[in-house]
file protein_10.txt (compact mmCIF, C-alpha atoms)
# COMPACT_ATOMS: atom_id res chain seq x y z
CA MET W 1 16.01 1.14 -1.88
CA ARG W 2 16.19 -2.63 -1.57
CA ALA W 3 12.43 -2.80 -1.13
CA LYS W 4 11.88 -0.80 -4.33
CA ILE W 5 14.17 -3.06 -6.32
CA THR W 6 12.42 -6.14 -4.95
CA TYR W 7 9.01 -4.65 -5.72
CA PHE W 8 9.89 -3.80 -9.31
CA ALA W 9 11.56 -7.18 -9.87
CA LEU W 10 8.49 -9.00 -8.60
CA ALA W 11 6.21 -6.73 -10.63
CA ALA W 12 8.22 -7.52 -13.78
CA VAL W 13 7.99 -11.25 -13.07
CA LEU W 14 4.23 -10.89 -12.57
CA VAL W 15 3.83 -9.03 -15.86
CA VAL W 16 5.71 -11.80 -17.69
CA TYR W 17 3.56 -14.39 -15.92
CA PHE W 18 0.39 -12.51 -16.88
CA GLY W 19 1.60 -12.49 -20.49
CA LEU W 20 2.18 -16.25 -20.44
CA VAL W 21 -1.18 -16.94 -18.84
CA GLY W 22 -2.89 -14.60 -21.31
CA SER W 23 -1.28 -16.37 -24.27
CA ARG W 24 -2.56 -19.70 -22.94
CA GLY W 25 -6.02 -18.21 -22.69
CA VAL W 26 -5.85 -17.08 -26.32
CA LEU W 27 -4.69 -20.56 -27.38
CA LEU W 28 -7.63 -22.12 -25.56
CA ILE W 29 -10.06 -19.74 -27.25
CA ARG W 30 -8.55 -20.55 -30.67
CA GLU W 31 -9.38 -24.24 -30.15
CA GLY W 32 -12.99 -23.23 -30.73
CA THR W 33 -14.89 -25.76 -28.64
CA ALA W 34 -17.36 -24.54 -26.04
CA LEU W 35 -15.28 -25.93 -23.20
CA THR W 36 -11.95 -24.51 -24.34
CA VAL W 37 -13.47 -21.11 -25.14
CA THR W 38 -15.03 -20.99 -21.66
CA PHE W 39 -11.72 -21.93 -20.04
CA GLY W 40 -9.86 -19.49 -22.29
CA VAL W 41 -12.07 -16.60 -21.24
CA ALA W 42 -11.72 -17.60 -17.59
CA VAL W 43 -7.94 -17.79 -17.97
CA LEU W 44 -7.89 -14.31 -19.58
CA VAL W 45 -9.81 -12.82 -16.66
CA LEU W 46 -7.10 -13.81 -14.17
CA PRO W 47 -4.32 -11.68 -15.71
CA LEU W 48 -6.73 -8.75 -15.97
CA ILE W 49 -7.48 -8.98 -12.26
CA GLY W 50 -3.77 -9.34 -11.53
CA ILE W 51 -2.87 -6.30 -13.64
CA TRP W 52 -5.59 -4.25 -11.95
CA PHE W 53 -4.32 -5.31 -8.51
CA LEU W 54 -0.71 -4.54 -9.44
CA TRP W 55 -1.74 -1.13 -10.78
CA LYS W 56 -3.71 -0.25 -7.62
CA THR W 57 -0.85 -1.40 -5.39
CA THR W 58 1.68 0.63 -7.37
CA GLN W 59 -0.54 3.73 -7.23
CA PHE W 60 -0.97 3.29 -3.47
CA ALA W 61 2.79 2.98 -2.92
CA ARG W 62 3.48 5.99 -5.13
CA ARG W 63 0.95 8.16 -3.28
CA ALA W 64 2.21 7.03 0.13
CA ASN W 65 5.77 7.90 -0.91
CA GLN W 66 4.61 11.34 -2.08
CA LEU W 67 3.00 11.97 1.30
CA ALA W 68 6.18 10.81 3.04
CA ALA W 69 8.28 13.21 0.95
CA GLU W 70 5.91 16.09 1.69
CA LEU W 71 5.87 15.30 5.39
CA GLU W 72 9.66 15.02 5.41
CA ALA W 73 9.94 18.44 3.76
CA GLU W 74 7.74 19.84 6.54
CA GLY W 75 9.85 18.11 9.19
CA GLY W 76 6.87 16.06 10.34
CA LEU W 77 7.98 12.51 9.71
CA PRO W 78 7.73 10.36 12.84
CA VAL W 79 11.03 9.86 14.58
CA ASP W 80 12.08 6.24 15.02
CA GLU W 81 11.99 6.03 18.80
CA LEU W 82 11.27 2.33 18.98
CA LYS W 83 13.28 -0.09 21.05
CA ARG W 84 14.65 -3.05 19.17
CA THR W 85 15.65 -6.58 20.05
CA PRO W 86 19.29 -7.63 19.61
CA SER W 87 18.32 -9.10 16.22
CA GLY W 88 16.95 -5.71 15.10
CA ARG W 89 13.24 -6.47 15.29
CA ILE W 90 10.94 -3.85 16.78
CA ASP W 91 10.04 -4.48 20.41
CA ARG W 92 6.28 -5.11 20.58
CA ASP W 93 5.72 -3.15 23.82
CA SER W 94 7.61 -0.17 22.42
CA ALA W 95 5.52 -0.26 19.23
CA ASP W 96 2.31 -0.48 21.25
CA ALA W 97 3.29 2.56 23.34
CA VAL W 98 4.04 4.65 20.25
CA PHE W 99 0.84 3.41 18.66
CA ALA W 100 -1.22 4.59 21.65
CA GLN W 101 0.36 8.03 21.33
CA ARG W 102 -0.32 8.21 17.57
CA ARG W 103 -3.90 7.03 18.01
CA ALA W 104 -4.52 9.77 20.60
CA GLU W 105 -3.08 12.39 18.22
CA THR W 106 -5.34 11.16 15.44
CA GLU W 107 -8.41 11.18 17.70
CA ASP W 108 -7.62 14.80 18.64
CA THR W 109 -7.32 15.93 14.99
CA PRO W 110 -9.16 13.37 12.85
CA ASP W 111 -9.12 15.56 9.72
CA ASP W 112 -5.33 15.96 9.57
CA TRP W 113 -3.71 13.67 6.99
CA ARG W 114 -0.39 14.01 8.78
CA CYS W 115 -1.77 12.34 11.91
CA TRP W 116 -3.25 9.54 9.82
CA PHE W 117 0.09 9.06 8.07
CA ARG W 118 1.91 8.77 11.40
CA LEU W 119 -0.82 6.41 12.67
CA ALA W 120 -0.31 4.23 9.59
CA VAL W 121 3.41 4.03 10.38
CA ALA W 122 2.58 3.09 13.98
CA TYR W 123 0.18 0.37 12.80
CA HIS W 124 2.91 -0.96 10.52
CA ASP W 125 5.44 -0.97 13.34
CA ALA W 126 2.92 -2.84 15.50
CA ARG W 127 2.66 -5.43 12.68
CA ASP W 128 -0.98 -4.64 11.88
CA THR W 129 -0.68 -4.35 8.11
CA PRO W 130 -4.40 -4.20 7.17
CA ARG W 131 -5.04 -1.31 9.56
CA ALA W 132 -1.81 0.37 8.44
CA ARG W 133 -3.04 0.24 4.85
CA ASN W 134 -6.47 1.58 5.83
CA ALA W 135 -4.92 4.43 7.81
CA MET W 136 -2.64 5.30 4.88
CA GLN W 137 -5.61 5.25 2.49
CA ARG W 138 -7.38 7.64 4.85
CA ALA W 139 -4.30 9.91 4.92
CA ILE W 140 -4.20 9.91 1.11
CA ALA W 141 -7.91 10.72 0.87
CA LEU W 142 -7.63 13.57 3.39
CA HIS W 143 -4.56 14.94 1.60
CA ASP W 144 -6.34 14.83 -1.76
CA ALA W 145 -9.40 16.53 -0.28
CA ALA W 146 -7.23 19.27 1.23
CA GLU W 147 -5.46 19.80 -2.12
CA THR W 148 -8.80 20.01 -3.92
CA ALA W 149 -10.17 22.48 -1.37
CA SER W 150 -7.08 24.70 -1.60
CA ALA W 151 -7.18 24.59 -5.42
CA GLN W 152 -10.83 25.68 -5.42
CA ALA W 153 -10.23 28.52 -2.96

call {"tool": "encode", "arguments": {"input": "protein_10.txt", "output": "structure tokens"}}
result
Amino acid sequence: MRAKITYFALAAVLVVYFGLVGSRGVLLIREGTALTVTFGVAVLVLPLIGIWFLWKTTQFARRANQLAAELEAEGGLPVDELKRTPSGRIDRDSADAVFAQRRAETEDTPDDWRCWFRLAVAYHDARDTPRARNAMQRAIALHDAAETASAQA
């Protein structure tokens, strides 16, 4: 819950920041000289890119949470079996062992979104965020493809 509150607070701050930057871009364009119009357009592009990125990130998080809820309803969420240090951090060797198990499961059934979801969690626990994101995107794509196939059947 704390992560959601933090995410939405930061997203709100970003939206306000994008509004301020956008207003500065409009002011630059209103100046009317070639240089200020060029800078104004460039300044307006930055909030557009930021809004697009924020939207894509929010959609990704929403879809990942939907998959987690569906997997939880099936009883298939990965159990937290990781060893932790006294400070509460995940033990690297423990995360690597679980990761090897999840990778083998995914190699055995590469078309199962559930395996990809659990692999994404294992990547995250092993502190490999880019691969965790890629694995989760793969899980989302496989889930969407399975939903589409079942709706067409």

call {"tool": "residues_around", "arguments": {"input": "protein_10.txt", "residues": "Asn134 of chain W", "least_positions_apart": "5", "cutoff": "10 Å", "atoms": "only C-alpha atoms", "output": "list in words"}}
result
Trp116, Ala120, Tyr123, Thr129, Ala139 and Ile140 of chain W

call {"tool": "residues_around", "arguments": {"input": "protein_10.txt", "residues": "Arg63 of chain W", "least_positions_apart": "3", "cutoff": "12 Å", "atoms": "only C-alpha atoms", "output": "number ranges by chain"}}
result
W: 56-60, 66-70, 117, 136-141, 143-144

call {"tool": "residues_around", "arguments": {"input": "protein_10.txt", "residues": "Arg118 of chain W", "least_positions_apart": "3", "cutoff": "8 Å", "atoms": "all atoms listed in the file", "output": "list of chain:residue names"}}
result
W:Leu77, W:Pro78, W:Arg102, W:Arg114, W:Cys115, W:Val121, W:Ala122

call {"tool": "atom_distance", "arguments": {"input": "protein_10.txt", "atom1": "atom CA of Leu46 of chain W", "atom2": "atom CA of Ile29 of chain W"}}
result
14.7 Å

call {"tool": "atom_distance", "arguments": {"input": "protein_10.txt", "atom1": "atom CA of Phe99 of chain W", "atom2": "atom CA of Asp112 of chain W"}}
result
16.7 Å

call {"tool": "residues_around", "arguments": {"input": "protein_10.txt", "residues": "Gly50 of chain W", "least_positions_apart": "3", "cutoff": "10 Å", "atoms": "only C-alpha atoms", "output": "list in words"}}
result
Leu14, Val15, Tyr17, Phe18, Val45, Leu46, Pro47, Phe53, Leu54, Trp55 and Lys56 of chain W

call {"tool": "closest_residue", "arguments": {"input": "protein_10.txt", "among": "W:Arg62, W:Val21, W:Thr36, W:Asp111", "to": "Leu48 of chain W", "atoms": "all atoms listed in the file"}}
result
W:Val21
